[in-house]
>>> print(open('run-v7.cif').read())   # mmCIF, C-alpha atoms and all ligand atoms
data_input
#
loop_
_atom_site.label_atom_id
_atom_site.label_comp_id
_atom_site.auth_asym_id
_atom_site.auth_seq_id
_atom_site.Cartn_x
_atom_site.Cartn_y
_atom_site.Cartn_z
CA MET A 1 -19.59 -10.27 -2.99
CA ASN A 2 -20.15 -6.53 -3.20
CA THR A 3 -18.44 -4.85 -6.17
CA GLU A 4 -20.39 -1.60 -6.15
CA LEU A 5 -18.40 1.49 -7.10
CA PRO A 6 -18.62 4.75 -5.15
CA THR A 7 -21.74 6.53 -6.30
CA GLU A 8 -20.49 10.10 -6.05
CA ALA A 9 -18.70 11.08 -9.26
CA MET A 10 -15.32 12.56 -8.30
CA LYS A 11 -12.54 13.79 -10.50
CA PRO A 12 -9.92 11.03 -10.78
CA VAL A 13 -6.64 11.70 -8.95
CA PRO A 14 -3.84 9.56 -10.44
CA PRO A 15 -0.97 9.09 -7.97
CA HIS A 16 1.62 9.95 -10.64
CA PRO A 17 1.73 10.81 -14.34
CA PRO A 18 2.07 7.90 -16.80
CA LEU A 19 5.61 6.46 -16.68
CA THR A 20 5.99 5.81 -20.38
CA ASP A 21 9.58 4.57 -20.09
CA TYR A 22 8.01 1.49 -18.47
CA TYR A 23 4.57 1.03 -20.08
CA ASP A 24 2.09 2.40 -22.61
CA THR A 25 -0.58 4.25 -20.62
CA PRO A 26 -3.49 1.79 -21.12
CA GLU A 27 -1.19 -1.07 -20.07
CA ARG A 28 -0.28 0.42 -16.66
CA GLN A 29 -2.23 -1.97 -14.42
CA ARG A 30 -1.20 -5.04 -16.41
CA TYR A 31 2.46 -3.90 -16.33
CA VAL A 32 2.38 -3.43 -12.53
CA ILE A 33 0.75 -6.81 -11.88
CA ASP A 34 3.19 -8.60 -14.24
CA LEU A 35 6.14 -6.93 -12.53
CA PHE A 36 4.97 -8.08 -9.10
CA ASN A 37 4.18 -11.56 -10.43
CA LYS A 38 7.71 -11.86 -11.83
CA THR A 39 9.41 -10.60 -8.69
CA ALA A 40 7.20 -12.06 -5.94
CA LYS A 41 9.76 -14.74 -5.10
CA HIS A 42 12.41 -12.06 -4.53
CA TYR A 43 10.29 -9.70 -2.43
CA ASN A 44 11.33 -11.15 0.93
CA THR A 45 15.03 -11.08 -0.11
CA ILE A 46 14.65 -7.37 -0.84
CA GLU A 47 12.89 -6.89 2.53
CA ALA A 48 15.84 -8.67 4.20
CA LEU A 49 18.22 -6.03 2.76
CA PHE A 50 16.65 -3.78 5.39
CA LEU A 51 17.21 -6.47 8.06
CA ASN A 52 13.42 -6.95 8.11
CA GLY A 53 13.18 -3.72 10.10
CA GLY A 54 10.20 -2.80 7.92
CA LEU A 55 8.21 -5.73 9.31
CA LEU A 56 8.79 -4.65 12.88
CA TYR A 57 8.07 -1.06 11.95
CA ARG A 58 4.76 -1.93 10.30
CA ARG A 59 3.58 -3.80 13.42
CA SER A 60 4.54 -1.12 15.94
CA SER A 61 3.00 1.58 13.78
CA LEU A 62 -0.30 -0.32 13.51
CA ARG A 63 -0.40 -0.52 17.30
CA LEU A 64 0.24 3.21 17.58
CA ALA A 65 -2.53 3.87 15.05
CA GLY A 66 -5.00 2.14 17.38
CA LEU A 67 -5.19 -1.44 16.12
CA ARG A 68 -6.33 -3.67 18.97
CA LYS A 69 -7.20 -7.25 19.89
CA GLY A 70 -10.44 -8.51 18.35
CA MET A 71 -10.55 -6.04 15.44
CA LYS A 72 -11.42 -6.95 11.86
CA VAL A 73 -8.82 -5.69 9.37
CA LEU A 74 -8.62 -5.45 5.59
CA ASP A 75 -5.03 -5.23 4.32
CA VAL A 76 -5.14 -3.91 0.76
CA ALA A 77 -2.14 -4.72 -1.49
CA VAL A 78 -1.28 -7.49 0.95
CA GLY A 79 1.76 -8.50 -1.13
CA THR A 80 3.76 -11.11 0.77
CA GLY A 81 1.88 -10.25 3.96
CA ALA A 82 4.29 -7.76 5.56
CA VAL A 83 1.46 -5.68 7.06
CA ALA A 84 -1.07 -8.50 7.42
CA ARG A 85 1.29 -10.66 9.50
CA GLY A 86 1.87 -7.79 11.92
CA ALA A 87 -1.87 -7.14 12.13
CA VAL A 88 -2.58 -10.82 12.93
CA ARG A 89 -0.24 -10.66 15.92
CA ILE A 90 -2.08 -7.63 17.28
CA VAL A 91 -5.72 -8.63 16.71
CA GLY A 92 -5.14 -12.16 18.08
CA GLU A 93 -7.53 -15.06 17.82
CA SER A 94 -10.61 -12.97 18.49
CA GLY A 95 -9.85 -10.73 15.50
CA ARG A 96 -9.58 -11.37 11.78
CA VAL A 97 -7.28 -10.10 9.03
CA PHE A 98 -8.26 -10.26 5.35
CA GLY A 99 -5.81 -9.66 2.49
CA VAL A 100 -6.52 -8.45 -1.04
CA ASP A 101 -4.08 -8.01 -3.94
CA PRO A 102 -4.30 -8.23 -7.75
CA SER A 103 -1.05 -10.21 -8.21
CA PRO A 104 -1.44 -14.01 -8.09
CA GLY A 105 2.35 -14.27 -7.61
CA MET A 106 2.28 -12.07 -4.49
CA LEU A 107 -0.82 -13.85 -3.16
CA GLY A 108 1.02 -17.17 -3.62
CA GLU A 109 3.92 -15.89 -1.51
CA ALA A 110 1.49 -14.53 1.11
CA ARG A 111 -0.18 -17.94 1.36
CA ARG A 112 3.09 -19.46 2.63
CA VAL A 113 3.16 -17.25 5.73
CA PHE A 114 -0.34 -15.90 6.25
CA GLY A 115 -3.28 -18.08 7.28
CA GLY A 116 -6.10 -15.55 6.83
CA PRO A 117 -8.46 -15.19 3.87
CA LEU A 118 -6.82 -13.87 0.67
CA THR A 119 -8.76 -12.45 -2.26
CA ARG A 120 -7.69 -11.27 -5.70
CA GLY A 121 -8.77 -7.68 -6.34
CA VAL A 122 -7.76 -4.04 -6.67
CA ALA A 123 -8.07 -1.16 -4.22
CA GLU A 124 -10.21 0.86 -6.63
CA ARG A 125 -12.98 -1.78 -6.62
CA LEU A 126 -12.90 -3.78 -3.41
CA PRO A 127 -14.76 -7.10 -3.40
CA PHE A 128 -16.08 -6.59 0.15
CA ALA A 129 -19.37 -5.43 1.63
CA THR A 130 -19.99 -1.90 2.94
CA ASP A 131 -19.31 -1.21 6.67
CA SER A 132 -17.29 -4.42 7.15
CA PHE A 133 -13.94 -3.54 8.76
CA ASP A 134 -12.58 -1.75 11.84
CA PHE A 135 -9.29 -1.00 10.06
CA VAL A 136 -8.20 -0.69 6.44
CA THR A 137 -4.44 -0.84 5.92
CA MET A 138 -2.17 -0.42 2.91
CA GLY A 139 1.62 -0.77 2.95
CA ILE A 140 3.89 0.80 0.31
CA ALA A 141 1.42 0.41 -2.54
CA LEU A 142 -0.56 3.63 -2.90
CA ARG A 143 1.42 4.64 -6.01
CA HIS A 144 0.20 1.53 -7.80
CA VAL A 145 -3.51 2.37 -7.87
CA SER A 146 -5.00 4.14 -10.90
CA ASP A 147 -7.03 6.72 -8.97
CA LEU A 148 -6.61 7.92 -5.37
CA ALA A 149 -10.19 9.27 -5.19
CA ALA A 150 -11.76 5.94 -6.20
CA THR A 151 -9.40 4.08 -3.86
CA PHE A 152 -10.13 6.24 -0.80
CA SER A 153 -13.88 6.15 -1.56
CA GLU A 154 -13.69 2.37 -1.47
CA TYR A 155 -11.75 2.45 1.82
CA LEU A 156 -14.42 4.69 3.32
CA ARG A 157 -17.20 2.42 2.05
CA VAL A 158 -15.83 -0.84 3.49
CA LEU A 159 -14.91 0.69 6.88
CA ARG A 160 -17.42 0.54 9.72
CA PRO A 161 -18.51 3.91 11.18
CA GLY A 162 -15.67 4.97 13.48
CA GLY A 163 -13.20 2.77 11.56
CA THR A 164 -9.58 3.76 10.84
CA LEU A 165 -7.61 4.11 7.62
CA TRP A 166 -3.84 3.60 7.94
CA ILE A 167 -1.50 3.90 4.96
CA LEU A 168 2.25 3.47 5.03
CA GLU A 169 3.99 5.16 2.11
CA SER A 170 7.40 6.21 0.90
CA HIS A 171 8.80 9.58 1.87
CA VAL A 172 11.04 11.88 -0.17
CA PRO A 173 12.32 15.04 1.57
CA THR A 174 11.58 18.30 -0.25
CA SER A 175 14.97 19.91 0.50
CA ARG A 176 17.55 19.64 -2.32
CA LEU A 177 20.05 17.77 -0.15
CA GLY A 178 17.41 15.44 1.31
CA HIS A 179 16.08 14.65 -2.16
CA ALA A 180 19.58 14.01 -3.55
CA MET A 181 20.47 11.69 -0.66
CA THR A 182 17.16 9.81 -0.91
CA ARG A 183 17.61 9.51 -4.66
CA PHE A 184 21.12 8.09 -4.24
CA VAL A 185 19.86 5.45 -1.80
CA TRP A 186 16.68 4.40 -3.65
CA ALA A 187 17.66 4.96 -7.29
CA LYS A 188 21.26 3.67 -7.11
CA LEU A 189 22.20 1.82 -3.93
CA ILE A 190 19.08 -0.31 -3.36
CA PRO A 191 18.62 -1.39 -7.03
CA GLY A 192 22.34 -2.34 -7.10
CA MET A 193 22.08 -4.31 -3.84
CA THR A 194 18.89 -5.93 -5.11
CA LEU A 195 20.63 -7.13 -8.28
CA LEU A 196 23.57 -8.48 -6.26
CA SER A 197 21.42 -10.33 -3.74
CA THR A 198 18.75 -11.73 -6.12
CA ARG A 199 20.68 -11.90 -9.44
CA SER A 200 17.36 -10.99 -11.02
CA ARG A 201 17.08 -8.15 -13.55
CA ASP A 202 13.32 -8.08 -12.92
CA ALA A 203 13.91 -7.53 -9.19
CA LYS A 204 16.26 -4.63 -10.03
CA LEU A 205 13.64 -3.27 -12.44
CA LEU A 206 11.07 -3.43 -9.61
CA MET A 207 13.32 -1.22 -7.48
CA ASP A 208 14.01 1.18 -10.40
CA PHE A 209 10.26 1.41 -10.94
CA TYR A 210 9.75 1.90 -7.20
CA TRP A 211 11.97 4.97 -7.18
CA ASP A 212 10.36 6.49 -10.27
CA THR A 213 6.84 6.08 -8.85
CA VAL A 214 7.96 7.59 -5.52
CA ASP A 215 9.81 10.48 -7.16
CA GLN A 216 6.89 11.27 -9.50
CA CYS A 217 4.17 10.86 -6.87
CA VAL A 218 1.75 13.71 -6.21
CA PRO A 219 2.64 15.75 -3.08
CA PRO A 220 1.38 14.66 0.36
CA LYS A 221 -1.09 17.59 0.41
CA THR A 222 -2.90 16.19 -2.65
CA ILE A 223 -3.16 12.81 -0.92
CA VAL A 224 -4.44 14.29 2.36
CA ASP A 225 -6.91 16.53 0.50
CA THR A 226 -8.23 13.54 -1.44
CA ILE A 227 -8.64 11.53 1.78
CA GLU A 228 -10.67 14.45 3.14
CA ASN A 229 -12.63 15.07 -0.08
CA VAL A 230 -14.01 11.52 -0.19
CA GLY A 231 -15.40 12.04 3.33
CA PHE A 232 -12.84 10.90 5.91
CA GLU A 233 -12.53 12.80 9.19
CA GLN A 234 -9.17 13.73 10.76
CA PRO A 235 -7.11 13.25 7.58
CA LYS A 236 -3.44 13.21 8.60
CA TYR A 237 0.05 12.96 7.16
CA LYS A 238 3.22 12.40 9.15
CA VAL A 239 6.80 11.67 8.24
CA VAL A 240 7.99 8.76 10.32
CA VAL A 241 11.41 7.92 8.85
CA PRO A 242 12.72 10.80 6.72
CA GLY A 243 13.79 9.52 3.30
CA ALA A 244 11.98 6.23 3.86
CA PHE A 245 8.48 6.18 5.39
CA CYS A 246 5.50 8.46 5.92
CA GLU A 247 1.96 7.64 7.02
CA TYR A 248 -1.50 8.79 6.04
CA SER A 249 -4.56 8.18 8.18
CA GLY A 250 -8.21 9.08 8.49
CA ARG A 251 -11.33 8.08 10.38
CA LYS A 252 -14.81 7.25 9.15
CA ALA A 253 -17.41 9.33 10.97
CA LEU A 254 -19.33 7.48 13.68
CA THR A 255 -22.61 8.46 12.10
CA GLY A 256 -21.47 7.27 8.65
CA ALA A 257 -20.05 9.48 5.90
C1 LIG B 1 5.42 -3.07 -2.72
S1 LIG B 1 4.14 -4.29 -2.60
C2 LIG B 1 3.60 -3.99 -0.95
C3 LIG B 1 3.28 -5.26 -0.19
C4 LIG B 1 2.97 -5.09 1.29
N1 LIG B 1 1.75 -4.33 1.51
C5 LIG B 1 4.10 -4.47 2.07
O1 LIG B 1 3.84 -3.61 2.93
O2 LIG B 1 5.25 -4.86 1.87
C6 LIG B 1 2.88 -3.54 -3.57
C7 LIG B 1 1.67 -4.44 -3.79
O3 LIG B 1 0.64 -3.65 -4.41
C8 LIG B 1 -0.10 -4.53 -5.23
N2 LIG B 1 -0.95 -3.72 -6.16
C9 LIG B 1 -0.63 -3.26 -7.39
N3 LIG B 1 -1.67 -2.59 -7.92
C10 LIG B 1 -2.66 -2.62 -6.99
C11 LIG B 1 -4.00 -2.11 -6.95
N4 LIG B 1 -4.51 -1.41 -7.97
N5 LIG B 1 -4.75 -2.36 -5.86
C12 LIG B 1 -4.25 -3.05 -4.81
N6 LIG B 1 -2.98 -3.56 -4.80
C13 LIG B 1 -2.20 -3.34 -5.87
C14 LIG B 1 0.97 -5.38 -5.89
O4 LIG B 1 0.45 -6.54 -6.48
C15 LIG B 1 1.92 -5.62 -4.73
O5 LIG B 1 1.63 -6.82 -4.07
#
>>> encode(input="run-v7.cif", output="structure tokens", more="lines below")
Ligand SMILES: C[S@@+](CC[C@H](N)C(=O)[O-])C[C@H]1O[C@@H](n2cnc3c(N)ncnc32)[C@H](O)[C@@H]1O
Amino acid sequence: MNTELPTEAMKPVPPHPPLTDYYDTPERQRYVIDLFNKTAKHYNTIEALFLNGGLLYRRSSLRLAGLRKGMKVLDVAVGTGAVARGAVRIVGESGRVFGVDPSPGMLGEARRVFGGPLTRGVAERLPFATDSFDFVTMGIALRHVSDLAATFSEYLRVLRPGGTLWILESHVPTSRLGHAMTRFVWAKLIPGMTLLSTRSRDAKLLMDFYWDTVDQCVPPKTIVDTIENVGFEQPKYKVVVPGAFCEYSGRKALTGA
């Protein structure tokens, strides 16, 4: 097991400022893992509020990003396997999909539906060898890492030369109207629907927390610049569903970074 950290010292880039209404700063990672542990059993119910369209979306987007039969994939923040399951269907029997996540509760849910190897770990310190994967994926979890620079350095390290980084994230429009509409949906409607469908205050809290991390997240340019600064080629950002999803991607140089 390789746990080496990126050697080049880079300034940390937190994805958002501390959200002290939820946790004391040093407790951030523990708070996030506890929240996902407590709500893991409700995650698929929340996904179903969107008619599971997100699952279909993740799979078609992976295909568009270049995922193919036979490839070896690492899905970071595997959660209940929403991205990993889609990847398995694309890479087929000749490929392999690995999942990693720090929440035992989420890994337990993933185990019910995903047959590939699952490992406990965080994005900032991946327990995988250098130059191991053709694709690194991450779905709706970038705001939960402590440092974008350390995370992207790890993604670059574990990718094979020529490998692809694909990240699905949440999108908030910058226009006043777009922001207000997105806020209404994600800060009011979805937490309310989540409470009604799960009857769990923790599940509602997860969705409240979701909105606050999304709303407070650093701008896309900071994320793209950080992807580039750690050494990825072709760093890209695109809005795919306004008010819902955007994607980040990058490529590891063929000669190695
Ligand atoms: C919203 S879920 C996303 C699950 C799945 N990828 C999807 O697309 O639905 C966020 C996941 O990020 C995980 N997570 C939290 N902190 C993390 C970290 N530092 N590194 C990797 N994963 C983390 C949580 O445990 C949780 O399973």
>>> residues_around(input="run-v7.cif", residues="Ser60 of chain A", least_positions_apart="5", cutoff="10 Å", atoms="all atoms listed in the file", output="PyMOL selection string")
chain A and resi 54-55+65+67+86-87+90
>>> closest_residue(input="run-v7.cif", among="A:Gly66, A:Pro17, A:Gly178, A:Pro127", to="ligand LIG 1 (chain B)", atoms="all atoms listed in the file")
A:Pro127
>>> atom_distance(input="run-v7.cif", atom1="atom CA of Ser61 of chain A", atom2="atom CA of His42 of chain A")
24.7 Å
>>> residues_around(input="run-v7.cif", residues="Arg112 of chain A", least_positions_apart="4", cutoff="9 Å", atoms="only C-alpha atoms", output="PyMOL selection string")
chain A and resi 80+107-108
>>> residues_near_ligand(input="run-v7.cif", ligand="ligand LIG 1 (chain B)", cutoff="6 Å", atoms="all atoms listed in the file", output="list in words")
Val32, Ile33, Phe36, Val76, Ala77, Val78, Gly79, Thr80, Gly81, Ala82, Val83, Asp101, Pro102, Ser103, Met106, Val122, Ala123, Met138, Gly139, Ile140, Ala141, His144 and Val145 of chain A
>>> closest_residue(input="run-v7.cif", among="A:Arg125, A:Lys238, A:His171, A:Arg183", to="Val158 of chain A", atoms="all atoms listed in the file")
A:Arg125
>>> axis_aligned_box(input="run-v7.cif", around="segment 198-214 of chain A", padding_each_side="8 Å", output="lines of an AutoDock Vina configuration file")
center_x = 13.8
center_y = -2.2
center_z = -9.5
size_x = 29.8
size_y = 35.5
size_z = 24.0
>>> closest_residue(input="run-v7.cif", among="A:Pro12, A:His179, A:Gly250, A:Ser146", to="Arg30 of chain A", atoms="all atoms listed in the file")
A:Ser146
>>> closest_atom_pairs(input="run-v7.cif", of="segment 13-121 of chain A", to="segment 195-198 of chain A", cutoff="10 Å", atoms="all atoms listed in the file", output="tab-separated table")
residue	atom	partner	partner_atom	distance
A:Thr39	CA	A:Thr198	CA	9.8
A:Lys41	CA	A:Thr198	CA	9.5
A:His42	CA	A:Thr198	CA	6.5
A:Tyr43	CA	A:Thr198	CA	9.5
A:Thr45	CA	A:Thr198	CA	7.1
A:Ile46	CA	A:Ser197	CA	7.9
A:Ala48	CA	A:Ser197	CA	9.8
A:Leu49	CA	A:Ser197	CA	8.4
>>> atom_distance(input="run-v7.cif", atom1="atom CA of Val136 of chain A", atom2="atom CA of Gly92 of chain A")
16.6 Å
>>> atom_distance(input="run-v7.cif", atom1="atom CA of Gly162 of chain A", atom2="atom CA of Glu247 of chain A")
19.0 Å
>>> residues_around(input="run-v7.cif", residues="Thr182 of chain A", least_positions_apart="5", cutoff="12 Å", atoms="all atoms listed in the file", output="VMD selection string")
chain A and resid 170 to 177 187 to 190 211 214 to 215 241 to 245
>>> closest_residue(input="run-v7.cif", among="A:Val88, A:Leu35, A:Ala110, A:Leu56", to="Phe209 of chain A", atoms="all atoms listed in the file")
A:Leu35
>>> decode(input="run-v7.cif", residues="segment 86-115 of chain A", atoms="C-alpha atoms", output="PDB file, in the first residue's frame")
ATOM      1  CA  GLY A  86     -21.907   3.258 -14.095  1.00  0.00           C
ATOM      2  CA  ALA A  87     -18.170   2.783 -14.643  1.00  0.00           C
ATOM      3  CA  VAL A  88     -18.467  -1.009 -14.184  1.00  0.00           C
ATOM      4  CA  ARG A  89     -21.048  -1.182 -16.966  1.00  0.00           C
ATOM      5  CA  ILE A  90     -18.721   0.656 -19.333  1.00  0.00           C
ATOM      6  CA  VAL A  91     -15.382  -1.048 -18.585  1.00  0.00           C
ATOM      7  CA  GLY A  92     -16.954  -4.533 -18.661  1.00  0.00           C
ATOM      8  CA  GLU A  93     -15.316  -7.729 -17.523  1.00  0.00           C
ATOM      9  CA  SER A  94     -11.928  -6.865 -18.972  1.00  0.00           C
ATOM     10  CA  GLY A  95     -11.758  -3.675 -16.883  1.00  0.00           C
ATOM     11  CA  ARG A  96     -11.715  -3.010 -13.158  1.00  0.00           C
ATOM     12  CA  VAL A  97     -13.287  -0.367 -10.921  1.00  0.00           C
ATOM     13  CA  PHE A  98     -11.938   0.390  -7.440  1.00  0.00           C
ATOM     14  CA  GLY A  99     -13.800   2.498  -4.866  1.00  0.00           C
ATOM     15  CA  VAL A 100     -12.394   4.527  -1.978  1.00  0.00           C
ATOM     16  CA  ASP A 101     -14.280   6.495   0.690  1.00  0.00           C
ATOM     17  CA  PRO A 102     -13.654   7.445   4.338  1.00  0.00           C
ATOM     18  CA  SER A 103     -17.205   6.653   5.554  1.00  0.00           C
ATOM     19  CA  PRO A 104     -17.755   3.053   6.707  1.00  0.00           C
ATOM     20  CA  GLY A 105     -21.523   3.669   6.483  1.00  0.00           C
ATOM     21  CA  MET A 106     -21.318   4.667   2.803  1.00  0.00           C
ATOM     22  CA  LEU A 107     -18.915   1.800   2.036  1.00  0.00           C
ATOM     23  CA  GLY A 108     -21.425  -0.585   3.660  1.00  0.00           C
ATOM     24  CA  GLU A 109     -24.172   0.688   1.344  1.00  0.00           C
ATOM     25  CA  ALA A 110     -21.830   0.442  -1.664  1.00  0.00           C
ATOM     26  CA  ARG A 111     -21.069  -3.184  -0.805  1.00  0.00           C
ATOM     27  CA  ARG A 112     -24.734  -4.102  -1.374  1.00  0.00           C
ATOM     28  CA  VAL A 113     -24.653  -3.046  -5.037  1.00  0.00           C
ATOM     29  CA  PHE A 114     -21.017  -2.917  -6.105  1.00  0.00           C
ATOM     30  CA  GLY A 115     -18.834  -6.014  -6.439  1.00  0.00           C
TER      31      GLY A 115
END
